[in-house]
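Visitor: Sharing a structure below in structure tokens format, with a few things to ask.
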Amino acid sequence: MKELLSYVEGARAAAVRRAQAAGRYERLSGARMVLAVRGTGSVILEGAHGGVERRRWNDIGPRTRLRLLRRTPLGLEPVALWLNEDGLPRDGRGWEHTFDVANERIAMLGLAGFTCTAHMLRHSCALRWYAIGRLVHACRLGHLTVVQRQDFREQFGDTWHLVQTMLDI
């Protein structure tokens, strides 16, 4: 959470300030203004033709989500968490571009045969957390009998379940 907060207060905030100074949000085509959030289930939006409308988050498509803005004391700001350097929301496929650019930089440094993809990063994360989960289970559950450990796994899930839950977040 510290690293996420650091991104929000650092790189993201700087990108938002640059976009505000350039007037990017005011010119954003198809922008929708978020007026209020109702828990995790719904949102109040300015209507496309005036008025207000309440929508469930699950009913708002990915393209519309990229165009959601909110008013802050410092100006307009995207609702999306992940932004490009220009301050605009990052498309879900934008990570592929990020890895392509990073791989080009690595190649320019002369590191031949070294590449990374988002899938490789996900795999590395899963493997690391699997190893950590196995260590934690061994330390915390090592004193239990085989039957007790099986009962624990049936109630709370095993290490793979932990990794799956973390990757689905």
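All residue names refer to the structure tokens as shown: chains lettered A, B, ... in order, residues numbered from 1 in each chain, ligands numbered from 1 in order.
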Could you list, as a list of chain:residue names, every residue within 12 Å of segment 10-12 of chain A, counting only C-alpha atoms and ignoring same-chain residues fewer than 4 positions away?

Guide: A:Lys2, A:Glu3, A:Leu4, A:Leu5, A:Ser6, A:Val16, A:Arg17, A:Arg18, A:Ala19, A:Glu77, A:Pro78, A:Val79, A:Ala80, A:Leu81, A:Trp82, A:Leu83, A:Asn84, A:Glu85, A:Asp86, A:Gly87, A:Leu88, A:Pro89, A:Arg90

Visitor: Please provide as a ChimeraX atom specification all residues within 9 Å of segment 114-120 of chain A, with the sequence filter that same-chain residues fewer than 2 positions apart are discarded (counting only C-alpha atoms).

Guide: /A:95-96,99-100,102-104,106-107,111-112,122-125

Visitor: Residues as selected, C-alpha atoms, written as a PDB file, in the first residue's frame, can you do that?

Guide:
ATOM      1  CA  TRP A  95       0.802  -2.274 -20.400  1.00  0.00           C
ATOM      2  CA  GLU A  96       1.857  -4.160 -23.524  1.00  0.00           C
ATOM      3  CA  PHE A  99       6.810  -3.503 -21.857  1.00  0.00           C
ATOM      4  CA  ASP A 100       7.604  -3.030 -25.571  1.00  0.00           C
ATOM      5  CA  ALA A 102      11.140  -1.104 -21.851  1.00  0.00           C
ATOM      6  CA  ASN A 103      12.372  -4.023 -23.976  1.00  0.00           C
ATOM      7  CA  GLU A 104      13.589  -1.572 -26.637  1.00  0.00           C
ATOM      8  CA  ILE A 106      17.101  -2.818 -22.696  1.00  0.00           C
ATOM      9  CA  ALA A 107      18.095  -3.836 -26.237  1.00  0.00           C
ATOM     10  CA  LEU A 111      21.509  -6.742 -23.244  1.00  0.00           C
ATOM     11  CA  ALA A 112      20.691  -9.226 -26.002  1.00  0.00           C
ATOM     12  CA  ARG A 122       2.591 -12.045 -13.471  1.00  0.00           C
ATOM     13  CA  HIS A 123       4.195 -15.489 -13.526  1.00  0.00           C
ATOM     14  CA  SER A 124       7.175 -14.263 -11.468  1.00  0.00           C
ATOM     15  CA  CYS A 125       4.818 -12.673  -8.943  1.00  0.00           C
TER      16      CYS A 125
END

Visitor: Could you tell me, as number ranges by chain, which residues of chain A DSSP assigns to helix (DSSP H, G or I) when given the backbone?

Guide: A: 2-22, 57-59, 62-65, 94-108, 118-141, 146-156, 159-168

Visitor: Give me the residues near segment 151-163 of chain A as a list of chain:residue names, where near means some atom within 12 Å (using only C-alpha atoms) and where sequence neighbours in that chain fewer than 4 positions away do not count.

Guide: A:Arg122, A:His123, A:Ser124, A:Cys125, A:Ala126, A:Leu127, A:Arg128, A:Trp129, A:Tyr130, A:Ala131, A:Ile132, A:Gly133, A:Arg134, A:Leu135, A:Val136, A:His137, A:Ala138, A:Arg140, A:Leu141, A:Gly142, A:Leu144, A:Thr145, A:Val146, A:Val147, A:Leu167, A:Asp168, A:Ile169

Visitor: Mind giving me the straight-line distance from atom CA of Arg93 of chain A to atom CA of Leu121 of chain A in Å, one decimal?

Guide: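 A separation of 15.0 Å between them.
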
Visitor: Which residues of segment 57-139 of chain A come within 7 Å of segment 32-50 of chain A, and for each one, what is the closest pair of atoms and their distance in Å to one decimal, counting only C-alpha atoms, sorted by chain and residue number, as a tab-separated table?

Guide:
residue	atom	partner	partner_atom	distance
A:Trp57	CA	A:Ser42	CA	5.1
A:Arg67	CA	A:Arg32	CA	6.0
A:Leu68	CA	A:Arg32	CA	4.9
A:Leu69	CA	A:Met33	CA	5.0
A:Arg70	CA	A:Val34	CA	5.2

Visitor: Take the residues that were just selected and, keeping N, CA and C atoms, output them as a JSON list (two decimals), in the first residue's frame.

Guide:
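Written output follows (out-v9.json):
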[["chain", "number", "residue", "atom", "x", "y", "z"],
["A", 57, "TRP", "N", -21.47, 0.47, -11.03],
["A", 57, "TRP", "CA", -20.12, 0.41, -11.57],
["A", 57, "TRP", "C", -20.01, -0.71, -12.61],
["A", 67, "ARG", "N", -13.07, 7.65, -19.48],
["A", 67, "ARG", "CA", -13.49, 9.05, -19.70],
["A", 67, "ARG", "C", -14.13, 9.66, -18.45],
["A", 68, "LEU", "N", -14.08, 8.97, -17.31],
["A", 68, "LEU", "CA", -14.67, 9.49, -16.08],
["A", 68, "LEU", "C", -13.72, 10.47, -15.41],
["A", 69, "LEU", "N", -14.23, 11.65, -15.08],
["A", 69, "LEU", "CA", -13.46, 12.68, -14.39],
["A", 69, "LEU", "C", -14.18, 13.08, -13.11],
["A", 70, "ARG", "N", -13.44, 13.69, -12.20],
["A", 70, "ARG", "CA", -14.04, 14.26, -10.99],
["A", 70, "ARG", "C", -13.47, 15.65, -10.78]]

Visitor: Report the residues of segment 54-114 of chain A whose backbone DSSP state falls under strand (DSSP E), written as a list in words.

Guide: Arg54, Arg55, Arg56, Leu68, Leu69, Arg70, Arg71, Thr72, Gly75, Leu76, Glu77 and Pro78 of chain A

Visitor: For a quick check of understanding, using only C-alpha atoms, which of A:Met1, A:His143, A:Gln20, A:Asn58 has the smallest distance to Arg71 of chain A?

Guide: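 Closest residue, counting only C-alpha atoms: A:Gln20.
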
Visitor: Record the distance separating atom CA of Arg27 of chain A and atom CA of Arg56 of chain A, expressed in Å with one decimal.

Guide: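 Rounded to one decimal, the two atoms are 25.9 Å apart.
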